[in-house]
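Trainee: Coordinates in work-v4.cif, mmCIF, C-alpha atoms and all ligand atoms, are listed below.
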```cif
data_protein
#
loop_
_atom_site.label_atom_id
_atom_site.label_comp_id
_atom_site.auth_asym_id
_atom_site.auth_seq_id
_atom_site.Cartn_x
_atom_site.Cartn_y
_atom_site.Cartn_z
CA MET A 1 -16.57 -28.91 5.16
CA ASP A 2 -13.10 -30.05 6.13
CA ARG A 3 -12.17 -32.10 3.11
CA ILE A 4 -11.91 -31.34 -0.57
CA PRO A 5 -13.25 -34.06 -2.86
CA ILE A 6 -10.76 -35.83 -5.12
CA LEU A 7 -12.08 -37.16 -8.42
CA LYS A 8 -10.54 -40.08 -10.24
CA LEU A 9 -10.45 -39.69 -14.03
CA GLY A 10 -8.82 -42.76 -15.54
CA PRO A 11 -5.14 -42.65 -14.61
CA PHE A 12 -5.43 -39.12 -13.17
CA LEU A 13 -6.73 -37.44 -10.04
CA LEU A 14 -8.55 -34.13 -10.25
CA VAL A 15 -9.03 -31.65 -7.45
CA THR A 16 -10.92 -28.40 -7.82
CA ILE A 17 -10.23 -25.88 -5.11
CA GLN A 18 -13.30 -23.69 -4.89
CA VAL A 19 -12.42 -21.33 -2.06
CA ASP A 20 -9.37 -19.79 -0.46
CA LEU A 21 -8.26 -22.61 1.78
CA TYR A 22 -7.93 -22.61 5.50
CA ASP A 23 -4.61 -24.13 6.50
CA ARG A 24 -6.15 -27.28 7.94
CA LEU A 25 -8.04 -27.90 4.70
CA ALA A 26 -4.87 -27.41 2.67
CA LEU A 27 -2.93 -29.82 4.86
CA ASN A 28 -5.73 -32.39 4.65
CA LEU A 29 -5.67 -32.07 0.88
CA GLU A 30 -1.94 -32.69 0.80
CA ASN A 31 -2.33 -35.87 2.86
CA ASP A 32 -5.41 -37.10 1.01
CA LEU A 33 -3.86 -36.60 -2.40
CA ILE A 34 -0.65 -38.38 -1.51
CA THR A 35 -2.62 -41.26 -0.01
CA MET A 36 -4.81 -41.45 -3.12
CA VAL A 37 -1.84 -41.45 -5.48
CA SER A 38 -0.30 -44.34 -3.62
CA LYS A 39 -3.58 -46.28 -3.34
CA THR A 40 -4.70 -45.85 -6.94
CA GLY A 41 -1.31 -45.76 -8.65
CA ALA A 42 -2.46 -42.60 -10.43
CA ARG A 43 -0.01 -41.23 -12.97
CA GLY A 44 -1.04 -37.61 -12.77
CA VAL A 45 -2.56 -35.06 -10.42
CA LEU A 46 -4.51 -32.05 -11.67
CA ILE A 47 -5.15 -29.23 -9.25
CA ASP A 48 -7.55 -26.56 -10.46
CA ILE A 49 -6.83 -23.32 -8.60
CA SER A 50 -8.81 -20.98 -10.85
CA ALA A 51 -10.98 -19.91 -7.90
CA VAL A 52 -8.01 -19.28 -5.63
CA SER A 53 -7.22 -15.59 -5.27
CA ILE A 54 -4.21 -15.79 -2.96
CA VAL A 55 -1.26 -18.18 -3.01
CA ASP A 56 1.24 -17.37 -0.27
CA SER A 57 4.39 -19.30 0.63
CA PHE A 58 2.41 -21.67 2.85
CA MET A 59 0.05 -22.66 0.03
CA GLY A 60 2.98 -22.71 -2.40
CA ARG A 61 4.84 -25.12 -0.19
CA ILE A 62 1.83 -27.43 -0.07
CA LEU A 63 1.61 -27.48 -3.88
CA GLY A 64 5.34 -28.18 -4.02
CA ASN A 65 5.04 -31.00 -1.47
CA ILE A 66 2.21 -32.60 -3.41
CA ALA A 67 4.32 -32.50 -6.56
CA SER A 68 7.44 -33.92 -4.97
CA MET A 69 5.65 -36.69 -3.06
CA SER A 70 3.62 -37.62 -6.14
CA GLY A 71 6.80 -37.51 -8.18
CA ILE A 72 8.36 -40.13 -5.94
CA MET A 73 5.37 -42.34 -6.75
CA ASP A 74 5.75 -41.66 -10.45
CA ALA A 75 2.85 -39.21 -10.83
CA GLN A 76 3.17 -35.78 -12.43
CA THR A 77 1.47 -32.74 -10.93
CA VAL A 78 -0.16 -29.99 -12.98
CA VAL A 79 -1.62 -26.85 -11.48
CA VAL A 80 -4.26 -25.40 -13.77
CA GLY A 81 -6.02 -22.06 -14.08
CA MET A 82 -3.74 -19.91 -11.98
CA GLN A 83 -5.06 -16.33 -12.07
CA PRO A 84 -2.67 -13.89 -13.78
CA ALA A 85 -2.53 -11.66 -10.68
CA VAL A 86 -1.52 -14.69 -8.61
CA ALA A 87 1.18 -15.68 -11.10
CA ILE A 88 2.65 -12.16 -11.12
CA THR A 89 2.61 -12.04 -7.33
CA LEU A 90 4.36 -15.42 -6.98
CA VAL A 91 7.28 -14.18 -9.05
CA GLU A 92 7.78 -11.16 -6.80
CA LEU A 93 7.32 -13.21 -3.67
CA GLY A 94 10.20 -15.34 -4.98
CA LEU A 95 8.31 -18.59 -5.03
CA THR A 96 9.12 -21.09 -7.74
CA LEU A 97 6.80 -24.08 -7.70
CA GLN A 98 9.44 -26.79 -7.95
CA GLY A 99 8.34 -29.83 -9.90
CA VAL A 100 4.92 -28.36 -10.59
CA HIS A 101 3.74 -28.08 -14.19
CA THR A 102 1.19 -25.43 -15.08
CA ALA A 103 -1.55 -25.29 -17.69
CA LEU A 104 -4.27 -22.83 -18.68
CA ASP A 105 -7.25 -25.02 -17.87
CA VAL A 106 -8.21 -28.59 -16.98
CA GLU A 107 -8.42 -29.66 -20.62
CA LYS A 108 -4.92 -28.36 -21.41
CA GLY A 109 -3.68 -29.89 -18.18
CA MET A 110 -5.04 -33.28 -19.21
CA GLU A 111 -3.33 -33.01 -22.59
CA LEU A 112 -0.08 -32.16 -20.88
CA LEU A 113 -0.37 -35.18 -18.59
CA GLN A 114 -1.23 -37.47 -21.46
CA ASP A 115 1.84 -36.25 -23.31
CA LYS A 116 3.95 -36.82 -20.23
CA ILE A 117 2.84 -40.38 -19.54
CA GLY A 118 2.39 -41.39 -23.17
CA PRO A 119 6.03 -42.18 -23.93
CA ASP A 120 6.29 -44.03 -20.63
CA TYR A 121 3.72 -46.55 -21.71
CA LEU A 122 5.66 -47.24 -24.90
CA GLN A 123 9.18 -47.49 -23.50
CA GLU A 124 8.49 -48.43 -19.94
CA GLN A 125 12.01 -48.88 -18.71
CA ASP A 126 13.44 -45.53 -19.71
CA GLU A 127 14.30 -44.83 -16.11
CA GLU A 128 17.13 -42.37 -16.60
CA GLU A 129 14.93 -39.91 -18.41
CA GLU A 130 12.29 -40.20 -15.73
CA LEU A 131 14.80 -39.42 -13.03
CA ASP A 132 15.87 -36.30 -14.90
CA ASP A 133 12.25 -35.21 -15.13
CA ARG A 134 11.72 -35.50 -11.44
CA THR A 135 14.79 -33.63 -10.31
CA GLU A 136 14.11 -30.64 -12.54
CA MET B 1 -8.14 -6.88 14.59
CA GLN B 2 -6.89 -9.59 16.93
CA ILE B 3 -5.11 -12.55 15.35
CA VAL B 4 -5.21 -15.61 17.55
CA ARG B 5 -5.91 -18.64 15.44
CA GLU B 6 -5.32 -20.12 12.03
CA GLN B 7 -8.82 -19.24 10.78
CA ASP B 8 -8.03 -15.56 11.30
CA VAL B 9 -5.65 -15.67 8.33
CA VAL B 10 -8.41 -15.94 5.72
CA LEU B 11 -10.75 -13.59 7.66
CA PHE B 12 -8.01 -10.98 7.86
CA ARG B 13 -7.18 -11.33 4.18
CA ASN B 14 -10.83 -10.66 3.36
CA ARG B 15 -10.73 -7.49 5.47
CA VAL B 16 -7.67 -6.26 3.57
CA ARG B 17 -9.50 -7.06 0.34
CA GLU B 18 -12.46 -4.87 1.45
CA TYR B 19 -10.23 -1.91 2.26
CA SER B 20 -8.23 -2.09 -0.94
CA THR B 21 -11.39 -2.48 -3.03
CA LYS B 22 -12.84 0.57 -1.30
CA ILE B 23 -10.00 2.79 -2.54
CA GLY B 24 -10.17 1.30 -6.04
CA MET B 25 -6.88 -0.59 -6.00
CA SER B 26 -6.33 -2.78 -9.07
CA LEU B 27 -6.58 -6.55 -8.77
CA VAL B 28 -2.84 -7.13 -9.22
CA ASN B 29 -1.98 -4.61 -6.51
CA GLN B 30 -4.62 -6.06 -4.21
CA THR B 31 -3.19 -9.52 -4.74
CA LYS B 32 0.32 -8.31 -3.94
CA LEU B 33 -0.79 -6.53 -0.77
CA ILE B 34 -2.95 -9.40 0.47
CA THR B 35 -0.22 -11.96 -0.20
CA ALA B 36 2.28 -9.86 1.77
CA ALA B 37 -0.32 -9.47 4.53
CA SER B 38 -0.89 -13.21 4.57
CA GLU B 39 2.84 -13.86 5.07
CA LEU B 40 3.08 -11.36 7.93
CA VAL B 41 -0.01 -12.56 9.73
CA ARG B 42 1.22 -16.14 9.47
CA ASN B 43 4.54 -15.15 11.00
CA MET B 44 2.71 -13.51 13.87
CA LEU B 45 0.75 -16.69 14.53
CA LYS B 46 3.63 -19.07 14.05
CA TYR B 47 6.41 -17.28 15.89
CA ALA B 48 4.57 -15.04 18.37
CA ASN B 49 1.33 -16.95 19.03
CA GLY B 50 -0.69 -14.15 17.51
CA GLY B 51 -0.95 -10.41 17.82
CA GLN B 52 -2.84 -7.38 16.55
CA VAL B 53 -3.24 -5.85 13.12
CA VAL B 54 -4.50 -2.37 12.37
CA ILE B 55 -5.84 -1.67 8.87
CA GLU B 56 -6.02 1.97 7.78
CA ILE B 57 -6.68 3.96 4.66
CA ILE B 58 -4.14 6.74 4.34
CA SER B 59 -3.38 9.33 1.69
CA LYS B 60 -0.34 11.08 0.29
CA SER B 61 -0.33 13.70 -2.46
CA ALA B 62 -3.90 12.90 -3.47
CA GLN B 63 -3.29 9.16 -3.67
CA ASN B 64 -4.90 6.73 -1.28
CA GLY B 65 -3.25 3.66 0.13
CA VAL B 66 -3.71 0.92 2.69
CA ARG B 67 -1.45 0.73 5.72
CA LEU B 68 -1.20 -2.43 7.80
CA THR B 69 0.50 -2.48 11.18
CA PHE B 70 1.29 -5.90 12.66
CA THR B 71 2.22 -5.86 16.34
CA ASP B 72 3.06 -8.84 18.49
CA GLN B 73 4.51 -9.46 21.93
CA GLY B 74 6.41 -12.55 20.85
CA PRO B 75 10.09 -13.45 21.20
CA GLY B 76 11.26 -10.81 18.72
CA ILE B 77 13.97 -11.22 16.10
CA ALA B 78 17.60 -11.04 17.18
CA ASP B 79 19.11 -10.52 13.72
CA ILE B 80 16.72 -8.70 11.43
CA GLN B 81 19.16 -8.60 8.53
CA GLN B 82 19.40 -12.38 8.61
CA ALA B 83 15.61 -12.81 8.90
CA MET B 84 15.17 -10.60 5.82
CA GLN B 85 17.27 -12.93 3.66
CA ASP B 86 15.59 -15.15 1.10
CA GLY B 87 15.51 -18.70 2.38
CA PHE B 88 16.31 -17.97 6.02
CA SER B 89 13.88 -19.73 8.34
CA THR B 90 13.91 -20.96 11.91
CA GLY B 91 10.54 -22.59 11.26
CA LYS B 92 11.55 -25.13 8.61
CA SER B 93 9.56 -23.29 5.98
CA LEU B 94 10.58 -21.46 2.83
CA GLY B 95 12.00 -18.31 4.41
CA LEU B 96 10.27 -16.10 1.84
CA GLY B 97 7.72 -14.38 4.07
CA LEU B 98 9.63 -11.29 5.19
CA PRO B 99 11.79 -10.67 2.09
CA GLY B 100 8.87 -11.54 -0.22
CA ALA B 101 6.47 -9.24 1.61
CA LYS B 102 9.01 -6.44 1.34
CA ARG B 103 9.22 -6.92 -2.43
CA LEU B 104 5.44 -7.00 -2.82
CA VAL B 105 4.55 -3.72 -1.12
CA ASN B 106 5.57 -0.09 -1.66
CA GLU B 107 6.78 0.59 1.87
CA PHE B 108 8.02 -1.86 4.46
CA ASP B 109 9.34 -1.28 7.95
CA ILE B 110 10.29 -3.79 10.63
CA GLN B 111 11.15 -3.11 14.26
CA SER B 112 11.95 -5.88 16.69
CA LYS B 113 13.51 -6.33 20.10
CA PRO B 114 14.32 -9.76 21.47
CA GLY B 115 12.07 -10.46 24.42
CA GLU B 116 9.67 -7.65 23.61
CA GLY B 117 8.10 -8.34 20.26
CA THR B 118 7.95 -7.33 16.64
CA ARG B 119 6.20 -4.61 14.69
CA VAL B 120 5.95 -4.67 10.92
CA THR B 121 4.34 -1.84 8.99
CA VAL B 122 3.54 -2.01 5.29
CA ILE B 123 1.95 0.49 2.93
CA HIS B 124 0.64 -0.16 -0.53
CA TRP B 125 -0.64 2.71 -2.67
CA LYS B 126 -3.65 2.56 -4.93
CA HIS B 127 -1.54 2.65 -8.08
CA GLY B 128 1.14 0.40 -6.65
CA ARG B 129 3.86 3.05 -6.61
N1 LIG C 1 6.67 -12.01 14.22
C1 LIG C 1 7.82 -12.68 14.39
N2 LIG C 1 8.31 -12.93 15.65
C2 LIG C 1 9.46 -13.60 15.81
N3 LIG C 1 10.23 -14.08 14.81
C3 LIG C 1 9.81 -13.86 13.54
C4 LIG C 1 8.59 -13.17 13.27
N4 LIG C 1 8.45 -13.08 11.93
C5 LIG C 1 9.51 -13.71 11.39
N5 LIG C 1 10.34 -14.19 12.36
C6 LIG C 1 11.64 -14.88 12.15
O1 LIG C 1 12.11 -14.57 10.84
C7 LIG C 1 12.34 -15.76 10.09
C8 LIG C 1 12.04 -15.52 8.62
O2 LIG C 1 10.65 -15.31 8.42
P1 LIG C 1 10.02 -15.55 6.98
O3 LIG C 1 10.83 -14.80 6.00
O4 LIG C 1 8.57 -15.27 7.04
O5 LIG C 1 10.27 -17.10 6.70
P2 LIG C 1 9.59 -18.39 7.37
O6 LIG C 1 8.31 -17.95 8.02
O7 LIG C 1 9.38 -19.33 6.25
O8 LIG C 1 10.58 -18.91 8.37
C9 LIG C 1 11.46 -16.80 10.74
O9 LIG C 1 11.94 -18.10 10.53
C10 LIG C 1 11.53 -16.39 12.21
O10 LIG C 1 12.71 -16.87 12.81
MG MG C 2 6.90 -16.68 7.22
#
```
Once more with this new file: its structure as structure tokens, please.
Mentor:
Amino acid sequence: MDRIPILKLGPFLLVTIQVDLYDRLALNLENDLITMVSKTGARGVLIDISAVSIVDSFMGRILGNIASMSGIMDAQTVVVGMQPAVAITLVELGLTLQGVHTALDVEKGMELLQDKIGPDYLQEQDEEEELDDRTE
Amino acid sequence: MQIVREQDVVLFRNRVREYSTKIGMSLVNQTKLITAASELVRNMLKYANGGQVVIEIISKSAQNGVRLTFTDQGPGIADIQQAMQDGFSTGKSLGLGLPGAKRLVNEFDIQSKPGEGTRVTVIHWKHGR
């Protein structure tokens, strides 16, 4: 297997990472997701990493890239299910996942995304606020 | 263990997992050690085209630990102090590998000579201290 399936759920894309990724697979995922966001106009990306036991700076950078590229195309990125040991380790490693939201599980992640895009639908031209969001 | 290609990163991490499980290291400490190991093995591949890693179980005052020795015959590091700084990278990446690995393990040692290669040794004890 050299590609991870991407599921489309309404305005969102969902990816479930089931194994610790080889670099090539991780890079493919980054490309595929960015392509999918631009093709489908998705407003959110959910990445389930509950089965991932190690996130090093390489993997962290890929998650960050996905978030910043998606952000440019107006989609928010949520990483869900990060194992506590991984979260603790990331802090010590010194890695802050810029622009990446986190949630406990896919359901909570969906809620978060819905909250995030909800106001956008109502007041579509509130561009200043959106810019602030993205540069956080 | 020889490290020559990208796939060796995950294989090597699994080996470190086996050793640390064998001595009963907690999950958090395993995760810290393996993440540090992942950074160091990546550096070896990226900057020195690979190298060798030795995994050993060692003990000190009745506590076991895992020692990893990464040796490569790459270009070496001219300014180690600079390389150990957060955010310093000649590879357009995050520059967190060396300083982050040092924070994650109990003992960290780096020796390098330009033109000869680099050796990094890390130790992580069962109880993480
Ligand atoms: N094994 C090595 N051989 C030669 N140079 C190295 C090696 N490991 C690290 N370096 C140098 O140290 C720098 C910092 O490494 P690191 O902290 O892992 O950050 P990054 O890998 O993101 O650049 C690298 O950019 C590289 O110049
Ligand atoms: Mg590195």
Trainee: Measuring between all atoms listed in the file, which one of B:Gly65, B:Gly128, B:Gly100, B:Gly50 shows the shortest distance to chain A?
Mentor: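 Checking each candidate against chain A, we get B:Gly100 as the closest.
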Trainee: May I ask for the distance between atom CA of A:Leu90 and atom CA of B:Met25, given in Å to one decimal place?
Mentor: 18.6 Å
Trainee: Could you list, as an mmCIF file with C-alpha atoms, keeping the file's coordinate frame, all the residues within 7 Å of ligand MG 2 (chain C), counting only C-alpha atoms and all ligand atoms?
Mentor:
```
data_model
loop_
_atom_site.group_PDB
_atom_site.id
_atom_site.type_symbol
_atom_site.label_atom_id
_atom_site.label_comp_id
_atom_site.auth_asym_id
_atom_site.auth_seq_id
_atom_site.Cartn_x
_atom_site.Cartn_y
_atom_site.Cartn_z
ATOM 1 C CA GLU B 39 2.840 -13.860 5.070
ATOM 2 C CA LEU B 40 3.080 -11.360 7.930
ATOM 3 C CA ARG B 42 1.220 -16.140 9.470
ATOM 4 C CA ASN B 43 4.540 -15.150 11.000
ATOM 5 C CA GLY B 95 12.000 -18.310 4.410
ATOM 6 C CA LEU B 96 10.270 -16.100 1.840
ATOM 7 C CA GLY B 97 7.720 -14.380 4.070
ATOM 8 C CA LEU B 98 9.630 -11.290 5.190
#
```
Trainee: Between A:Thr96, A:Ser57, A:Ser68, A:Gln76, single out the one closest to ligand LIG 1 (chain C), counting all atoms listed in the file.
Mentor: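 Looking only at the distances to ligand LIG 1 (chain C), the closest residue turns out to be A:Ser57.
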Trainee: Tell me the residues of chain A close to chain B, meaning within 12 Å using all atoms listed in the file, as number ranges by chain.
Mentor: A: 19-26, 52-62, 64-65, 83-97
Trainee: Please indicate the distance in Å from atom CA of A:Val100 to atom CA of A:Val78, rounded to one decimal place.
Mentor: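 Going from atom CA of A:Val100 over to atom CA of A:Val78, I get 5.8 Å.
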Trainee: Which distance in Å separates atom CA of A:Leu33 and atom CA of A:Lys116, to one decimal?
Mentor: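 Separation of atom CA of A:Leu33 and atom CA of A:Lys116: 19.5 Å.
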Trainee: Hey, what's within 10 Å of A:Leu14 if we count all atoms listed in the file and toss same-chain stuff fewer than 6 positions away? As an NGL selection string, please?
Mentor: :A and (5-8 or 33 or 44-48 or 78 or 106 or 110)
Trainee: For each of B:Glu56, B:Glu116, B:Asp109, B:Asp72, take the minimum atom-to-atom distance to ligand LIG 1 (chain C), counting all atoms listed in the file, then give the residue where this is smallest.
Mentor: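 Smallest distance to ligand LIG 1 (chain C) is found for B:Asp72.
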Trainee: Box in all listed atoms of ligand LIG 1 (chain C), axis-aligned, with 8 Å more on each side; write out centre and edge lengths in Å to one decimal as lines of an AutoDock Vina configuration file.
Mentor:
```
center_x = 9.7
center_y = -15.7
center_z = 10.9
size_x = 22.0
size_y = 23.3
size_z = 25.8
```
Trainee: So, counting all atoms listed in the file, which residue among B:Phe108, B:Tyr47, B:Trp125, B:Phe70 is closest to ligand LIG 1 (chain C)?
Mentor: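 Ranked by minimum distance to ligand LIG 1 (chain C), first place goes to B:Tyr47.
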Trainee: Could you give me, as a VMD selection string, the residues within 8 Å of B:Val66, counting all atoms listed in the file and dropping anything in the same chain fewer than 4 positions from it?
Mentor: chain B and resid 19 to 20 55 to 58 123 to 126
Trainee: Which polymer residues have any atom within 9 Å of an atom of B:Thr121, counting all atoms listed in the file, with same-chain residues fewer than 4 positions away left out, as an NGL selection string?
Mentor: :B and (67-71 or 107-111)
Trainee: Taking (10.2, -20.3, 17.1) in the file's own coordinates, collect the residues within 9 Å, counting all atoms listed in the file, and hand them back as a PyMOL selection string.
Mentor: chain B and resi 46-48+75+90-91
Trainee: Since the input is missing atoms, can you rebuild N, CA, C and O atoms for stretch 62-86 of chain B and write them as a PDB file, in the frame of the given file?
Mentor:
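Heads up, here's the output in result_6.pdb:
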```pdb
ATOM      1  N   ALA B  62      -2.654  13.233  -2.769  1.00  0.00           N
ATOM      2  CA  ALA B  62      -3.900  12.900  -3.470  1.00  0.00           C
ATOM      3  C   ALA B  62      -4.039  11.436  -3.879  1.00  0.00           C
ATOM      4  O   ALA B  62      -4.941  11.079  -4.616  1.00  0.00           O
ATOM      5  N   GLN B  63      -3.114  10.577  -3.381  1.00  0.00           N
ATOM      6  CA  GLN B  63      -3.290   9.160  -3.670  1.00  0.00           C
ATOM      7  C   GLN B  63      -3.599   8.403  -2.373  1.00  0.00           C
ATOM      8  O   GLN B  63      -2.961   8.629  -1.355  1.00  0.00           O
ATOM      9  N   ASN B  64      -4.571   7.525  -2.459  1.00  0.00           N
ATOM     10  CA  ASN B  64      -4.900   6.730  -1.280  1.00  0.00           C
ATOM     11  C   ASN B  64      -4.077   5.448  -1.236  1.00  0.00           C
ATOM     12  O   ASN B  64      -3.587   4.964  -2.249  1.00  0.00           O
ATOM     13  N   GLY B  65      -3.952   4.927  -0.037  1.00  0.00           N
ATOM     14  CA  GLY B  65      -3.250   3.660   0.130  1.00  0.00           C
ATOM     15  C   GLY B  65      -3.766   2.933   1.345  1.00  0.00           C
ATOM     16  O   GLY B  65      -4.573   3.473   2.113  1.00  0.00           O
ATOM     17  N   VAL B  66      -3.325   1.700   1.513  1.00  0.00           N
ATOM     18  CA  VAL B  66      -3.710   0.920   2.690  1.00  0.00           C
ATOM     19  C   VAL B  66      -2.448   0.694   3.520  1.00  0.00           C
ATOM     20  O   VAL B  66      -1.407   0.291   2.998  1.00  0.00           O
ATOM     21  N   ARG B  67      -2.564   0.990   4.814  1.00  0.00           N
ATOM     22  CA  ARG B  67      -1.450   0.730   5.720  1.00  0.00           C
ATOM     23  C   ARG B  67      -1.851  -0.366   6.711  1.00  0.00           C
ATOM     24  O   ARG B  67      -2.936  -0.336   7.277  1.00  0.00           O
ATOM     25  N   LEU B  68      -0.970  -1.339   6.860  1.00  0.00           N
ATOM     26  CA  LEU B  68      -1.200  -2.430   7.800  1.00  0.00           C
ATOM     27  C   LEU B  68      -0.093  -2.410   8.844  1.00  0.00           C
ATOM     28  O   LEU B  68       1.082  -2.364   8.501  1.00  0.00           O
ATOM     29  N   THR B  69      -0.492  -2.457  10.099  1.00  0.00           N
ATOM     30  CA  THR B  69       0.500  -2.480  11.180  1.00  0.00           C
ATOM     31  C   THR B  69       0.313  -3.759  11.998  1.00  0.00           C
ATOM     32  O   THR B  69      -0.743  -3.968  12.593  1.00  0.00           O
ATOM     33  N   PHE B  70       1.326  -4.607  11.952  1.00  0.00           N
ATOM     34  CA  PHE B  70       1.290  -5.900  12.660  1.00  0.00           C
ATOM     35  C   PHE B  70       2.114  -5.773  13.932  1.00  0.00           C
ATOM     36  O   PHE B  70       3.307  -5.489  13.867  1.00  0.00           O
ATOM     37  N   THR B  71       1.483  -5.982  15.079  1.00  0.00           N
ATOM     38  CA  THR B  71       2.220  -5.860  16.340  1.00  0.00           C
ATOM     39  C   THR B  71       2.056  -7.132  17.156  1.00  0.00           C
ATOM     40  O   THR B  71       0.936  -7.620  17.340  1.00  0.00           O
ATOM     41  N   ASP B  72       3.165  -7.673  17.604  1.00  0.00           N
ATOM     42  CA  ASP B  72       3.060  -8.840  18.490  1.00  0.00           C
ATOM     43  C   ASP B  72       3.985  -8.689  19.689  1.00  0.00           C
ATOM     44  O   ASP B  72       4.895  -7.864  19.690  1.00  0.00           O
ATOM     45  N   GLN B  73       3.691  -9.467  20.716  1.00  0.00           N
ATOM     46  CA  GLN B  73       4.510  -9.460  21.930  1.00  0.00           C
ATOM     47  C   GLN B  73       5.259 -10.788  22.042  1.00  0.00           C
ATOM     48  O   GLN B  73       5.403 -11.360  23.113  1.00  0.00           O
ATOM     49  N   GLY B  74       5.714 -11.263  20.886  1.00  0.00           N
ATOM     50  CA  GLY B  74       6.410 -12.550  20.850  1.00  0.00           C
ATOM     51  C   GLY B  74       7.884 -12.422  21.203  1.00  0.00           C
ATOM     52  O   GLY B  74       8.293 -11.423  21.799  1.00  0.00           O
ATOM     53  N   PRO B  75       8.684 -13.402  20.812  1.00  0.00           N
ATOM     54  CA  PRO B  75      10.090 -13.450  21.200  1.00  0.00           C
ATOM     55  C   PRO B  75      10.976 -12.398  20.502  1.00  0.00           C
ATOM     56  O   PRO B  75      12.114 -12.181  20.926  1.00  0.00           O
ATOM     57  N   GLY B  76      10.439 -11.775  19.443  1.00  0.00           N
ATOM     58  CA  GLY B  76      11.260 -10.810  18.720  1.00  0.00           C
ATOM     59  C   GLY B  76      12.266 -11.493  17.812  1.00  0.00           C
ATOM     60  O   GLY B  76      12.377 -12.719  17.788  1.00  0.00           O
ATOM     61  N   ILE B  77      12.985 -10.683  17.054  1.00  0.00           N
ATOM     62  CA  ILE B  77      13.970 -11.220  16.100  1.00  0.00           C
ATOM     63  C   ILE B  77      15.328 -10.632  16.457  1.00  0.00           C
ATOM     64  O   ILE B  77      15.500  -9.416  16.496  1.00  0.00           O
ATOM     65  N   ALA B  78      16.288 -11.505  16.736  1.00  0.00           N
ATOM     66  CA  ALA B  78      17.600 -11.040  17.180  1.00  0.00           C
ATOM     67  C   ALA B  78      18.364 -10.379  16.022  1.00  0.00           C
ATOM     68  O   ALA B  78      18.924  -9.303  16.164  1.00  0.00           O
ATOM     69  N   ASP B  79      18.353 -11.027  14.862  1.00  0.00           N
ATOM     70  CA  ASP B  79      19.110 -10.520  13.720  1.00  0.00           C
ATOM     71  C   ASP B  79      18.157 -10.264  12.553  1.00  0.00           C
ATOM     72  O   ASP B  79      17.844 -11.168  11.779  1.00  0.00           O
ATOM     73  N   ILE B  80      17.715  -9.028  12.448  1.00  0.00           N
ATOM     74  CA  ILE B  80      16.720  -8.700  11.430  1.00  0.00           C
ATOM     75  C   ILE B  80      17.277  -8.877  10.018  1.00  0.00           C
ATOM     76  O   ILE B  80      16.601  -9.382   9.123  1.00  0.00           O
ATOM     77  N   GLN B  81      18.538  -8.482   9.849  1.00  0.00           N
ATOM     78  CA  GLN B  81      19.160  -8.600   8.530  1.00  0.00           C
ATOM     79  C   GLN B  81      19.121 -10.051   8.028  1.00  0.00           C
ATOM     80  O   GLN B  81      18.824 -10.324   6.870  1.00  0.00           O
ATOM     81  N   GLN B  82      19.412 -10.956   8.948  1.00  0.00           N
ATOM     82  CA  GLN B  82      19.400 -12.380   8.610  1.00  0.00           C
ATOM     83  C   GLN B  82      17.975 -12.846   8.289  1.00  0.00           C
ATOM     84  O   GLN B  82      17.739 -13.552   7.310  1.00  0.00           O
ATOM     85  N   ALA B  83      17.012 -12.404   9.101  1.00  0.00           N
ATOM     86  CA  ALA B  83      15.610 -12.810   8.900  1.00  0.00           C
ATOM     87  C   ALA B  83      15.066 -12.300   7.574  1.00  0.00           C
ATOM     88  O   ALA B  83      14.159 -12.891   6.990  1.00  0.00           O
ATOM     89  N   MET B  84      15.646 -11.184   7.076  1.00  0.00           N
ATOM     90  CA  MET B  84      15.170 -10.600   5.820  1.00  0.00           C
ATOM     91  C   MET B  84      15.768 -11.275   4.595  1.00  0.00           C
ATOM     92  O   MET B  84      15.473 -10.891   3.469  1.00  0.00           O
ATOM     93  N   GLN B  85      16.664 -12.262   4.812  1.00  0.00           N
ATOM     94  CA  GLN B  85      17.270 -12.930   3.660  1.00  0.00           C
ATOM     95  C   GLN B  85      16.373 -14.019   3.086  1.00  0.00           C
ATOM     96  O   GLN B  85      15.762 -14.780   3.828  1.00  0.00           O
ATOM     97  N   ASP B  86      16.340 -14.092   1.762  1.00  0.00           N
ATOM     98  CA  ASP B  86      15.590 -15.150   1.100  1.00  0.00           C
ATOM     99  C   ASP B  86      16.081 -16.505   1.582  1.00  0.00           C
ATOM    100  O   ASP B  86      17.272 -16.775   1.564  1.00  0.00           O
TER     101      ASP B  86
END
```
